[in-house]
Amino acid sequence: MVDSVPQSTAPVSTVVERPTRWSRWRPARADVLAIGVYLALGVLVCLNHWVDVPNRVSAHLPTDHSWFEWLFSHGAYSVWHLENPLFTTRQNAPDGVNMMANTSLLGVTLPLAPLTMLVGPQVTYVLYLGAALAATAGTSYWVLSRYLVRSRGAAFVGGAFLGFAPGIVHHANGQPNFASNFLLPLIVARVLRLGEPGPWRRNGVVLGLLVAYQIFINEEMLLLTALACLVVVGTYAVLRPRAAGGQAGTFAAALGTGGALALLLTAYPIWFQFNGPQSYRGLQGGTFHSWGEDLKAFVTFPRDSLAGNEAVERTIGVTEQNTWFGWPLVLLAVVALLLLVGRSLVARILAVLTVVFTVASLGPVIRFDGAETDTDGPWAYVPEELPLVEMMMPTRLSLIVAAAVGVLLAVAWDTLSGSGRPPVPAQRAAHPPRLQRRWQRLVGYAAITLALLPLIPRPLPVEPVEPPPHFVTAGGWRPYVPEGRTLVPVPIPSNVHGLSTLRWSALTTHAFPIPGGYFIGPDEQGAGIFGAANRPTTRLIYTTMDRNATPNVTDVERRQAVEDLRYWRASVVVLGAHPREAVLRDLMTSLLGAPQRVDDVWLWDVRSLVG
């Protein structure tokens, strides 16, 4: 599939003939079949969750899983109570959490609030996770089939990879925000159409709306998409300077329109993110700057695939598996680029995209097979203090490489199918005999299929999680927690401890505020830290859990516990079933006196202590 338009006039969006308005929207049987397969894959990936939705979380990132369940509850709570969704005090009470400064998924949790109210955050989470993967594959298929390739089979293969790429499936282990990429293909397609002279205002407006919405889904993936578009447009300008020059004015006008609209729609939320309560600047104690992709990871099969093996993580290390293509796909991609790059403008752009972001993903030090080498990576020369750099993880730049591979697969399949334009002008092309073309086509199809079969995803691994106490879910706490007061769960939830107690809030749709939590907020100097700054009583609880032994409690610690409870505006302290229940009960008894046994929890009514 190549572009045969003369070099001087080919626009960046001209790859296939523009479909008619009706055919652009009319679903063909192939379209329906493709979407059906994508939905089936989405169900397959989430299959282990569906076995027991209430009592299972991601085995890879259980804390992130619980955070996103909490976010779905946050969306429902905000809609039901008509509260500002950009900020909440239902976690980290009384200070609260800046939701724009955290991964909040507001573009999803707010529209799905009615569903969450109906079926609960756990079911909403699993439903959405599978649907997001399928939707990303679906929009990728739509863009490929309408704007890049003629073969529906080519669009299906490319869409399947873009929606279920190894890195995306791996992020689906507790991070549905990185599986929520269904707007990105539409954004890329719209960017590549900005140079069209006729509908430039419409293109700009549509782009602005898409970008504004994506900001409320995943800003990081939007940034990666913007970087990819920058390289694509820049490469096109170098390869087709006359055509790019002729479109520059229209492109700039449309881009300016889209940018102005996106800024208008998101100006206040973005201001709130960086200047609102509980906002922060940078991250304390270092950044993600050093997290680069391992070279061996590119040719390794991902854990959650047919050919994957959990043992390999102990060699390379537990990474995000953003590449992990397996050696057959890497070999296929290299061969496909070598065969197509001299014949196809699209292939040349994909080659540049792949090389640039493969190198950029390696981080400050080259790593191989889990060990750092003595060779500097590209990020060794990037100042950490640059805006956004300190918050970026180099390894995630390889997600752009995965996207380029997905498009390359579609282009290669389209070329094999004979649906694309001829690679050279007809007078210079010597068509091979029909038998030879059929043989080449079969070999190509087989190579692509064999490279992708090992990457078919398996159901994501899960682990059991203790349900909240009946005291919490049945509302037994209500007589003890008046408005304006908090319920203090033990252990207090954080980014390390208290996974189960964070779910108390999530599964009651934030019926009561809690201290601590799983989020990023500011320290005393305004730098971002993971979780709330630990108060003395919090540290004492965590130390007791880690040592599994009750310490000798002093009067100073008892007075400090009361001060901490006053700070939290506590009404009751509640301890449910927990692996460290015995030592935690002894600790809290030493601090606060004997508890009551109410339903299935130990309860300390501290209203008389804190006033």
# chains A, B, ... in the order shown; residues from 1 in each chain; ligands from 1
>>> residues_around(residues="A:Leu112", least_positions_apart="4", cutoff="12 Å", atoms="only C-alpha atoms", output="MDAnalysis selection string")
chainID A and resid 71:80 105:108 116:121 123:125 127:128
>>> write_last_selection(atoms="C-alpha atoms", output="short mmCIF file (atom, residue, chain, number, x, y, z; two decimals), in the first residue's frame")
data_model
loop_
_atom_site.label_atom_id
_atom_site.label_comp_id
_atom_site.auth_asym_id
_atom_site.auth_seq_id
_atom_site.Cartn_x
_atom_site.Cartn_y
_atom_site.Cartn_z
CA LEU A 71 -12.57 6.61 41.11
CA PHE A 72 -15.76 5.12 39.70
CA SER A 73 -17.35 5.70 43.10
CA HIS A 74 -16.00 9.25 43.05
CA GLY A 75 -17.74 9.90 39.74
CA ALA A 76 -21.02 8.55 41.08
CA TYR A 77 -20.70 10.51 44.32
CA SER A 78 -19.91 13.75 42.48
CA VAL A 79 -22.90 13.41 40.17
CA TRP A 80 -25.32 12.34 42.89
CA LEU A 105 -10.43 9.32 34.57
CA LEU A 106 -13.18 11.93 34.94
CA GLY A 107 -14.09 11.68 31.26
CA VAL A 108 -15.24 8.13 31.98
CA THR A 116 -21.94 2.74 38.92
CA MET A 117 -24.94 3.67 41.04
CA LEU A 118 -26.83 0.74 39.54
CA VAL A 119 -24.28 -2.10 39.64
CA GLY A 120 -21.48 -0.77 41.86
CA PRO A 121 -17.88 0.24 41.10
CA VAL A 123 -18.82 -4.38 38.04
CA THR A 124 -18.42 -0.99 36.34
CA TYR A 125 -14.64 -1.37 36.51
CA LEU A 127 -17.24 -3.82 32.23
CA TYR A 128 -15.37 -0.67 31.33
#
>>> residues_around(residues="A:Trp142", least_positions_apart="3", cutoff="10 Å", atoms="only C-alpha atoms", output="number ranges by chain")
A: 24-25, 27, 31, 34-35, 136-139, 145-148, 152, 155-156, 159, 185-186
>>> closest_residue(among="A:Val352, A:Leu207, A:Leu115, A:Ala244", to="A:Ile400", atoms="only C-alpha atoms")
A:Val352
>>> closest_residue(among="A:Tyr280, A:Trp200, A:Phe161, A:Trp67", to="A:Leu499", atoms="only C-alpha atoms")
A:Trp67
>>> select_by_dssp(residues="stretch 156-397 of chain A", states="alpha helix (DSSP H)", output="PyMOL selection string")
chain A and resi 156-164+166-171+184-191+200-215+219-239+241-275+313-316+327-340+345-360
>>> atom_distance(atom1="atom CA of A:Pro464", atom2="atom CA of A:Val57")
6.5 Å
